[in-house]
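**Student:** mmCIF, C-alpha atoms, saved as coords26.cif, coming up:
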data_target
#
loop_
_atom_site.label_atom_id
_atom_site.label_comp_id
_atom_site.auth_asym_id
_atom_site.auth_seq_id
_atom_site.Cartn_x
_atom_site.Cartn_y
_atom_site.Cartn_z
CA MET A 1495 111.53 106.81 122.28
CA ARG A 1496 113.19 106.13 118.94
CA ILE A 1497 113.21 102.64 117.47
CA LYS A 1498 115.98 101.68 115.04
CA LEU A 1499 114.55 99.74 112.11
CA SER A 1500 116.20 98.17 109.06
CA ASN A 1501 116.54 101.43 107.14
CA ILE A 1502 115.38 104.27 109.38
CA SER A 1503 114.50 105.20 112.95
CA LEU A 1504 110.91 106.00 113.95
CA ASN A 1505 109.76 107.84 117.04
CA VAL A 1506 107.02 106.33 119.20
CA GLU A 1507 105.23 107.53 122.32
CA VAL A 1508 103.83 104.98 124.77
CA HIS A 1509 100.92 105.48 127.15
CA SER A 1510 99.82 102.87 129.64
CA SER A 1511 97.85 103.23 132.86
CA THR A 1512 98.19 99.60 133.88
CA ASN A 1513 101.09 97.37 134.87
CA THR A 1514 99.30 94.20 133.82
CA GLU A 1515 99.46 92.50 130.43
CA SER A 1516 97.13 94.35 128.07
CA ASP A 1517 96.13 94.59 124.44
CA LEU A 1518 98.16 97.03 122.37
CA ILE A 1519 96.55 99.75 120.24
CA PHE A 1520 98.78 101.44 117.67
CA PHE A 1521 97.66 104.91 116.54
CA LEU A 1522 98.78 106.41 113.20
CA HIS A 1523 98.37 110.14 112.53
CA GLY A 1524 97.45 112.03 109.37
CA PHE A 1525 99.55 114.05 106.92
CA THR A 1526 101.43 116.92 108.69
CA GLY A 1527 100.54 115.35 112.03
CA SER A 1528 102.51 113.39 114.63
CA SER A 1529 102.08 111.20 117.68
CA GLU A 1530 101.17 114.36 119.61
CA ASP A 1531 97.79 114.36 117.85
CA TRP A 1532 96.67 111.30 119.83
CA ARG A 1533 97.67 112.29 123.38
CA GLN A 1534 94.21 113.42 124.47
CA ILE A 1535 92.70 110.27 123.00
CA ALA A 1536 95.32 108.00 124.56
CA ILE A 1537 94.59 109.11 128.12
CA SER A 1538 90.86 108.56 127.58
CA ILE A 1539 90.94 105.06 126.14
CA GLU A 1540 89.96 102.44 128.71
CA PRO A 1541 92.95 101.69 130.99
CA LYS A 1542 93.18 98.01 130.07
CA TYR A 1543 94.84 98.99 126.78
CA LYS A 1544 98.42 100.02 126.16
CA ILE A 1545 98.64 102.82 123.58
CA ILE A 1546 101.51 103.10 121.09
CA MET A 1547 101.55 106.34 119.06
CA LEU A 1548 103.89 106.49 116.07
CA ASP A 1549 105.50 109.32 114.15
CA LEU A 1550 105.29 108.02 110.59
CA ILE A 1551 108.31 108.41 108.31
CA GLY A 1552 108.85 112.06 107.37
CA HIS A 1553 106.83 113.31 110.34
CA GLY A 1554 107.42 114.44 113.92
CA LYS A 1555 110.64 113.17 115.45
CA SER A 1556 111.03 110.28 113.02
CA ASP A 1557 113.62 110.27 110.23
CA SER A 1558 112.98 112.19 107.00
CA PRO A 1559 115.33 110.48 104.53
CA LYS A 1560 115.88 111.70 100.98
CA ASP A 1561 115.24 108.28 99.43
CA ILE A 1562 111.63 108.42 98.22
CA SER A 1563 111.47 104.62 97.94
CA LEU A 1564 111.31 104.53 101.76
CA TYR A 1565 108.00 106.41 101.63
CA THR A 1566 106.13 103.97 99.37
CA ALA A 1567 103.24 101.85 100.66
CA ASP A 1568 105.36 98.68 100.75
CA SER A 1569 108.13 100.39 102.70
CA ILE A 1570 105.79 102.05 105.19
CA VAL A 1571 103.96 98.76 105.82
CA LYS A 1572 107.32 97.10 106.44
CA GLU A 1573 108.25 99.87 108.89
CA ILE A 1574 104.96 99.48 110.79
CA PHE A 1575 105.48 95.71 110.86
CA GLU A 1576 108.93 96.14 112.42
CA VAL A 1577 107.61 98.55 115.05
CA ILE A 1578 104.82 96.17 116.01
CA ASN A 1579 107.28 93.29 116.29
CA TYR A 1580 109.45 95.45 118.54
CA PHE A 1581 106.62 95.47 121.08
CA THR A 1582 104.89 92.14 120.55
CA SER A 1583 104.49 89.05 118.42
CA GLU A 1584 100.78 88.87 119.25
CA LYS A 1585 97.85 90.35 117.39
CA ILE A 1586 97.29 94.06 117.92
CA ILE A 1587 94.63 96.71 117.38
CA LEU A 1588 95.54 99.22 114.66
CA ALA A 1589 93.95 102.65 114.31
CA GLY A 1590 94.69 105.38 111.78
CA TYR A 1591 93.38 108.79 110.74
CA SER A 1592 93.36 109.98 107.10
CA MET A 1593 96.89 109.22 105.80
CA GLY A 1594 97.36 107.07 108.89
CA GLY A 1595 94.13 105.31 108.00
CA ARG A 1596 95.44 104.58 104.52
CA THR A 1597 98.58 103.23 106.19
CA ALA A 1598 96.56 101.06 108.58
CA LEU A 1599 94.44 99.72 105.71
CA SER A 1600 97.58 99.00 103.66
CA PHE A 1601 98.96 97.04 106.61
CA ALA A 1602 95.68 95.21 107.19
CA VAL A 1603 95.39 93.82 103.65
CA LYS A 1604 99.00 92.62 103.73
CA HIS A 1605 99.12 91.26 107.30
CA PRO A 1606 95.52 90.38 108.24
CA ASP A 1607 96.79 87.70 110.62
CA ARG A 1608 98.44 90.31 112.87
CA LEU A 1609 95.28 92.29 113.62
CA LYS A 1610 92.72 91.80 116.36
CA LYS A 1611 90.73 94.90 115.37
CA LEU A 1612 91.05 97.71 112.81
CA ILE A 1613 89.89 101.32 113.24
CA LEU A 1614 89.88 103.71 110.26
CA GLU A 1615 89.02 107.38 110.68
CA SER A 1616 88.31 109.42 107.54
CA SER A 1617 90.22 106.99 105.39
CA THR A 1618 90.10 105.84 101.76
CA PRO A 1619 91.17 102.66 99.93
CA GLY A 1620 92.75 104.70 97.14
CA LEU A 1621 91.69 105.61 93.62
CA LYS A 1622 90.78 102.92 91.12
CA GLU A 1623 90.43 104.86 87.84
CA LYS A 1624 93.78 105.45 86.13
CA ASN A 1625 92.91 108.90 84.83
CA ILE A 1626 91.78 110.08 88.26
CA ARG A 1627 94.92 108.59 89.87
CA ALA A 1628 97.11 110.39 87.32
CA ALA A 1629 95.37 113.70 87.90
CA ARG A 1630 95.65 113.36 91.67
CA SER A 1631 99.34 112.36 91.43
CA ASN A 1632 99.98 115.50 89.40
CA LEU A 1633 98.32 117.65 92.07
CA ASP A 1634 100.30 115.87 94.79
CA GLU A 1635 103.55 116.61 92.94
CA GLN A 1636 102.59 120.27 92.66
CA LEU A 1637 101.94 120.36 96.38
CA ALA A 1638 105.27 118.67 97.13
CA SER A 1639 107.04 121.27 94.98
CA TYR A 1640 105.18 124.03 96.83
CA ILE A 1641 106.43 122.68 100.15
CA GLU A 1642 110.01 122.68 98.89
CA SER A 1643 109.86 126.18 97.44
CA HIS A 1644 108.19 127.88 100.42
CA GLU A 1645 108.82 128.28 104.12
CA LEU A 1646 107.24 125.55 106.24
CA VAL A 1647 105.06 128.11 108.02
CA ASP A 1648 103.62 129.23 104.67
CA PHE A 1649 102.66 125.69 103.74
CA ILE A 1650 101.16 124.84 107.13
CA ASP A 1651 99.04 128.01 107.04
CA TYR A 1652 97.90 127.07 103.54
CA TRP A 1653 97.20 123.45 104.51
CA MET A 1654 95.19 124.29 107.60
CA ASN A 1655 92.93 126.53 105.52
CA ILE A 1656 91.99 124.14 102.71
CA ASP A 1657 88.29 123.30 102.38
CA LEU A 1658 88.76 119.80 103.85
CA PHE A 1659 89.47 121.37 107.26
CA ALA A 1660 86.94 124.22 107.10
CA THR A 1661 85.00 122.92 110.11
CA GLN A 1662 88.11 123.16 112.29
CA ARG A 1663 87.91 126.95 112.11
CA ASN A 1664 85.16 126.71 114.70
CA LEU A 1665 87.68 125.48 117.27
CA PRO A 1666 89.00 127.96 119.87
CA GLN A 1667 91.93 130.01 118.62
CA GLU A 1668 94.11 128.64 121.40
CA LYS A 1669 93.49 125.11 120.10
CA LEU A 1670 94.20 126.15 116.51
CA ASN A 1671 97.48 127.71 117.62
CA GLU A 1672 98.40 124.49 119.41
CA ILE A 1673 97.69 122.43 116.26
CA ARG A 1674 99.70 124.85 114.12
CA ASP A 1675 102.67 124.78 116.48
CA SER A 1676 102.67 120.98 116.43
CA LYS A 1677 102.61 120.84 112.63
CA LEU A 1678 105.48 123.32 112.43
CA LYS A 1679 107.72 120.75 114.12
CA ASN A 1680 107.67 118.69 110.92
CA ASN A 1681 110.37 118.57 108.27
CA LYS A 1682 109.79 120.03 104.79
CA ALA A 1683 111.64 117.21 103.02
CA GLY A 1684 109.71 114.60 104.97
CA LEU A 1685 106.35 116.11 104.06
CA ALA A 1686 107.23 116.54 100.39
CA ASN A 1687 108.54 112.97 100.12
CA SER A 1688 105.47 111.62 101.91
CA LEU A 1689 103.36 113.09 99.12
CA ARG A 1690 105.63 111.71 96.42
CA GLY A 1691 105.71 108.23 97.93
CA PHE A 1692 102.37 107.69 99.61
CA SER A 1693 99.79 110.28 98.62
CA THR A 1694 96.26 109.25 97.69
CA GLY A 1695 97.29 109.42 94.04
CA ARG A 1696 100.43 107.32 94.55
CA MET A 1697 99.23 104.58 96.90
CA PRO A 1698 98.01 101.31 95.34
CA CYS A 1699 94.23 101.01 95.18
CA LEU A 1700 93.09 98.55 97.87
CA VAL A 1701 89.40 98.29 97.00
CA ASP A 1702 89.61 94.69 95.81
CA GLN A 1703 91.85 93.58 98.69
CA ILE A 1704 89.67 94.69 101.60
CA LYS A 1705 87.94 91.29 101.52
CA ASN A 1706 91.20 89.79 102.85
CA ILE A 1707 90.76 91.57 106.19
CA ARG A 1708 89.34 89.11 108.71
CA CYS A 1709 89.17 91.15 111.92
CA SER A 1710 86.30 93.33 113.16
CA SER A 1711 86.68 96.80 111.71
CA LEU A 1712 85.32 100.23 112.53
CA LEU A 1713 84.99 103.06 110.02
CA ILE A 1714 84.53 106.57 111.45
CA THR A 1715 83.70 109.74 109.53
CA GLY A 1716 82.30 113.16 110.33
CA GLU A 1717 78.76 114.08 109.31
CA LEU A 1718 79.98 117.32 107.72
CA ASP A 1719 82.70 115.55 105.73
CA ILE A 1720 80.36 114.49 102.96
CA LYS A 1721 83.07 113.21 100.60
CA TYR A 1722 84.70 110.79 103.05
CA THR A 1723 81.40 109.72 104.56
CA LEU A 1724 80.31 108.61 101.08
CA ILE A 1725 83.65 106.88 100.44
CA ASN A 1726 83.34 104.95 103.70
CA SER A 1727 79.68 104.08 103.12
CA GLU A 1728 80.74 102.47 99.85
CA MET A 1729 83.86 100.89 101.36
CA LEU A 1730 81.83 99.33 104.20
CA ASN A 1731 80.38 96.63 101.95
CA ARG A 1732 83.88 95.43 101.03
CA PHE A 1733 84.64 94.30 104.59
CA ARG A 1734 83.73 90.91 105.98
CA THR A 1735 82.66 92.44 109.28
CA ALA A 1736 82.63 96.19 109.86
CA LYS A 1737 80.64 99.06 111.32
CA HIS A 1738 80.47 102.62 109.99
CA PHE A 1739 79.84 105.31 112.61
CA ILE A 1740 79.15 108.90 111.55
CA ILE A 1741 79.93 111.51 114.22
CA LYS A 1742 77.46 114.37 114.27
CA ASN A 1743 78.56 117.97 113.61
CA ALA A 1744 82.14 116.92 112.81
CA GLY A 1745 84.29 117.33 109.73
CA HIS A 1746 87.32 115.38 108.51
CA ASN A 1747 89.22 115.14 111.80
CA THR A 1748 86.60 113.78 114.17
CA HIS A 1749 89.00 113.01 117.04
CA LEU A 1750 90.08 116.65 117.05
CA GLU A 1751 86.69 118.30 116.62
CA LYS A 1752 84.61 115.91 118.73
CA PRO A 1753 87.08 114.07 121.01
CA VAL A 1754 84.46 112.93 123.56
CA ASP A 1755 82.22 111.45 120.86
CA PHE A 1756 85.22 109.85 119.17
CA ILE A 1757 86.44 108.27 122.42
CA ASN A 1758 82.95 106.95 123.22
CA VAL A 1759 82.72 105.33 119.78
CA ILE A 1760 86.18 103.78 120.14
CA ASN A 1761 85.58 102.42 123.64
CA ASP A 1762 82.20 101.02 122.63
CA PHE A 1763 83.76 99.24 119.65
CA LEU A 1764 86.61 97.85 121.75
CA ASN A 1765 84.21 96.48 124.33
CA LYS A 1766 81.48 95.08 122.10
CA TYR A 1767 83.09 93.68 118.98
#
Let me see whether you can do it: turn the structure in this file into C-alpha cells.
**Tutor:**
Amino acid sequence: MRIKLSNISLNVEVHSSTNTESDLIFFLHGFTGSSEDWRQIAISIEPKYKIIMLDLIGHGKSDSPKDISLYTADSIVKEIFEVINYFTSEKIILAGYSMGGRTALSFAVKHPDRLKKLILESSTPGLKEKNIRAARSNLDEQLASYIESHELVDFIDYWMNIDLFATQRNLPQEKLNEIRDSKLKNNKAGLANSLRGFSTGRMPCLVDQIKNIRCSSLLITGELDIKYTLINSEMLNRFRTAKHFIIKNAGHNTHLEKPVDFINVINDFLNKY
C-alpha cells in the first residue's frame, strides 16, 4: 500500500498473523534494497507482532523525486515519523539494516519518546572527522554520477560485487539472482539522490547524540564484517542500555546470509529486554 505524506508517497508492506492488538515493528532496508528484503524475516518474527516494512524514499515502489532536499536526514526522519503516525500514536519498535539502520538511528535520537525498542543491523552513527567526511562525500558523489551515466543493471552488478558484500557470493546462485532482480526494480534517480542526500558522508554525525536514546537497543553485526563489528563495538558504549550481538560466519547483511540466526537473535531480544 502507498501512503500519501506531506511531500511524497511511500510504499509499505504489512504482515500480521494475529487479529489482536499487537506491538508494531517497522523494518527499514539498506541502500538499493526495498521492503521485499524483509519478507522472510517478517513471517518468522513471533506472531504477536505486526510487521510494517517500508520502501524508503528513492527505493522500491516509493517516490523518487528530483528534489534532493527530500533525501536529507531531517526529511527522511520526518517521512518515517509520518508513516508511524499513520499506523499508531503509541511507541513502536524500529529496526534498520545499513542505510536503514542509519535512518533508524537518526529517528531514535530525534524522537526517543516514540520508541519501545531499537534494532540496528550493520549500522554506523556517521563520520565525525571533517576530512574523512569530505573524502567520503566526494566518493559518494562519484558513485551517484556513475549511477546516472550507466544502465541500472551495470550499477547493480558493480554494487553487488564490492568487497563489503564478498561473503554473499557464497549464497546459492538462485538466491543471488533473486536479490539482483529485486534491486533492479529500483529507480536510478532515486538511488543517486539517496547518495547525495543521505550517504554516510552526508548524514550528520550522531555519535554525541546516542546518549539521548532511552529505549533498550540491539546492535547486530556479522563476524566477518570486521569494519562494522568494530564500529558497533565502539558505538555500544554510547547507549544507555544496549546489547551487541555478533553473528558467526556472516558478513555485512546478516539477515540475508544467516536468516535463522538473525531471527533467533531478534526474537530473543524482543522477549527478554
**Student:** Taking the file as I've supplied it (selection: the PyMOL selection byres ((chain A and resi 1677) around 10)), which residues are included? Please answer as a PDB file with C-alpha atoms, in the coordinates of the input.
**Tutor:**
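Printed below is out_5.pdb as written:
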ATOM      1  CA  PHE A1525      99.550 114.050 106.920  1.00  0.00           C
ATOM      2  CA  THR A1526     101.430 116.920 108.690  1.00  0.00           C
ATOM      3  CA  GLY A1527     100.540 115.350 112.030  1.00  0.00           C
ATOM      4  CA  SER A1528     102.510 113.390 114.630  1.00  0.00           C
ATOM      5  CA  GLU A1530     101.170 114.360 119.610  1.00  0.00           C
ATOM      6  CA  ASP A1531      97.790 114.360 117.850  1.00  0.00           C
ATOM      7  CA  HIS A1553     106.830 113.310 110.340  1.00  0.00           C
ATOM      8  CA  GLY A1554     107.420 114.440 113.920  1.00  0.00           C
ATOM      9  CA  LEU A1646     107.240 125.550 106.240  1.00  0.00           C
ATOM     10  CA  VAL A1647     105.060 128.110 108.020  1.00  0.00           C
ATOM     11  CA  ILE A1650     101.160 124.840 107.130  1.00  0.00           C
ATOM     12  CA  ASP A1651      99.040 128.010 107.040  1.00  0.00           C
ATOM     13  CA  MET A1654      95.190 124.290 107.600  1.00  0.00           C
ATOM     14  CA  ASN A1671      97.480 127.710 117.620  1.00  0.00           C
ATOM     15  CA  GLU A1672      98.400 124.490 119.410  1.00  0.00           C
ATOM     16  CA  ILE A1673      97.690 122.430 116.260  1.00  0.00           C
ATOM     17  CA  ARG A1674      99.700 124.850 114.120  1.00  0.00           C
ATOM     18  CA  ASP A1675     102.670 124.780 116.480  1.00  0.00           C
ATOM     19  CA  SER A1676     102.670 120.980 116.430  1.00  0.00           C
ATOM     20  CA  LEU A1678     105.480 123.320 112.430  1.00  0.00           C
ATOM     21  CA  LYS A1679     107.720 120.750 114.120  1.00  0.00           C
ATOM     22  CA  ASN A1680     107.670 118.690 110.920  1.00  0.00           C
ATOM     23  CA  ASN A1681     110.370 118.570 108.270  1.00  0.00           C
TER      24      ASN A1681
END
**Student:** Which of these residues is nearest to Met1729 of chain A, using only C-alpha atoms: A:Ser1617, A:Ile1545, A:Thr1748, A:Arg1627?
**Tutor:**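 Among A:Ser1617, A:Ile1545, A:Thr1748, A:Arg1627, it is A:Ser1617 that comes nearest to Met1729 of chain A.
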**Student:** Take the point (102.0, 99.3, 106.0) as written in the file and pick out every residue within 10 Å of it, counting all atoms listed in the file; give the list as a list in words.
**Tutor:**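 Output: Thr1566, Ala1567, Asp1568, Ser1569, Ile1570, Val1571, Lys1572, Glu1573, Ile1574, Phe1575, Glu1576, Gly1594, Arg1596, Thr1597, Ala1598, Leu1599, Ser1600, Phe1601, Ala1602, Val1603, Lys1604 and His1605 of chain A.
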**Student:** Using only C-alpha atoms, which residue out of A:Ile1551, A:Gly1524, A:Gly1695, A:Ser1538 lies closest to Ile1497 of chain A?
**Tutor:**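 The shortest atom-to-atom distance to Ile1497 of chain A comes from A:Ile1551.
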**Student:** Rounded to one decimal place, report the atom CA of Gly1552 of chain A-atom CA of Asn1655 of chain A distance in Å.
**Tutor:**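 Answer for the atom CA of Gly1552 of chain A to atom CA of Asn1655 of chain A separation: 21.6 Å.
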**Student:** Leaving out Trp1532 of chain A and any residue of its chain fewer than 5 positions from it, which residues lie within 9 Å of it when counting all atoms listed in the file, given as an MDAnalysis selection string?
**Tutor:** chainID A and resid 1521:1523 1537 1547 1749:1750
**Student:** I'd like the interatomic distance between atom CA of Leu1713 of chain A and atom CA of Gly1745 of chain A, to a tenth of an Å.
**Tutor:** 14.3 Å
**Student:** Atoms are missing here; could segment 1620-1633 of chain A be completed with N, CA and C atoms and written as a tab-separated table (two decimals), in the frame of the given file?
**Tutor:**
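As a result, result-v3.tsv now contains:
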chain	number	residue	atom	x	y	z
A	1620	GLY	N	92.00	104.29	98.32
A	1620	GLY	CA	92.75	104.70	97.14
A	1620	GLY	C	91.84	104.87	95.92
A	1621	LEU	N	92.44	105.31	94.84
A	1621	LEU	CA	91.69	105.61	93.62
A	1621	LEU	C	91.86	104.49	92.60
A	1622	LYS	N	90.75	104.06	92.03
A	1622	LYS	CA	90.78	102.92	91.12
A	1622	LYS	C	90.99	103.35	89.66
A	1623	GLU	N	90.35	104.43	89.23
A	1623	GLU	CA	90.43	104.86	87.84
A	1623	GLU	C	91.79	105.48	87.54
A	1624	LYS	N	92.43	105.01	86.46
A	1624	LYS	CA	93.78	105.45	86.13
A	1624	LYS	C	93.87	106.94	85.85
A	1625	ASN	N	92.87	107.48	85.16
A	1625	ASN	CA	92.91	108.90	84.83
A	1625	ASN	C	92.77	109.78	86.07
A	1626	ILE	N	91.95	109.32	87.02
A	1626	ILE	CA	91.78	110.08	88.26
A	1626	ILE	C	93.05	109.97	89.11
A	1627	ARG	N	93.66	108.78	89.13
A	1627	ARG	CA	94.92	108.59	89.87
A	1627	ARG	C	96.00	109.50	89.30
A	1628	ALA	N	96.08	109.56	87.97
A	1628	ALA	CA	97.11	110.39	87.32
A	1628	ALA	C	96.91	111.86	87.63
A	1629	ALA	N	95.66	112.29	87.60
A	1629	ALA	CA	95.37	113.70	87.90
A	1629	ALA	C	95.70	114.03	89.34
A	1630	ARG	N	95.37	113.12	90.25
A	1630	ARG	CA	95.65	113.36	91.67
A	1630	ARG	C	97.16	113.34	91.92
A	1631	SER	N	97.88	112.43	91.27
A	1631	SER	CA	99.34	112.36	91.43
A	1631	SER	C	99.99	113.66	90.97
A	1632	ASN	N	99.45	114.24	89.91
A	1632	ASN	CA	99.98	115.50	89.40
A	1632	ASN	C	99.76	116.62	90.43
A	1633	LEU	N	98.60	116.65	91.04
A	1633	LEU	CA	98.32	117.65	92.07
A	1633	LEU	C	99.21	117.44	93.29
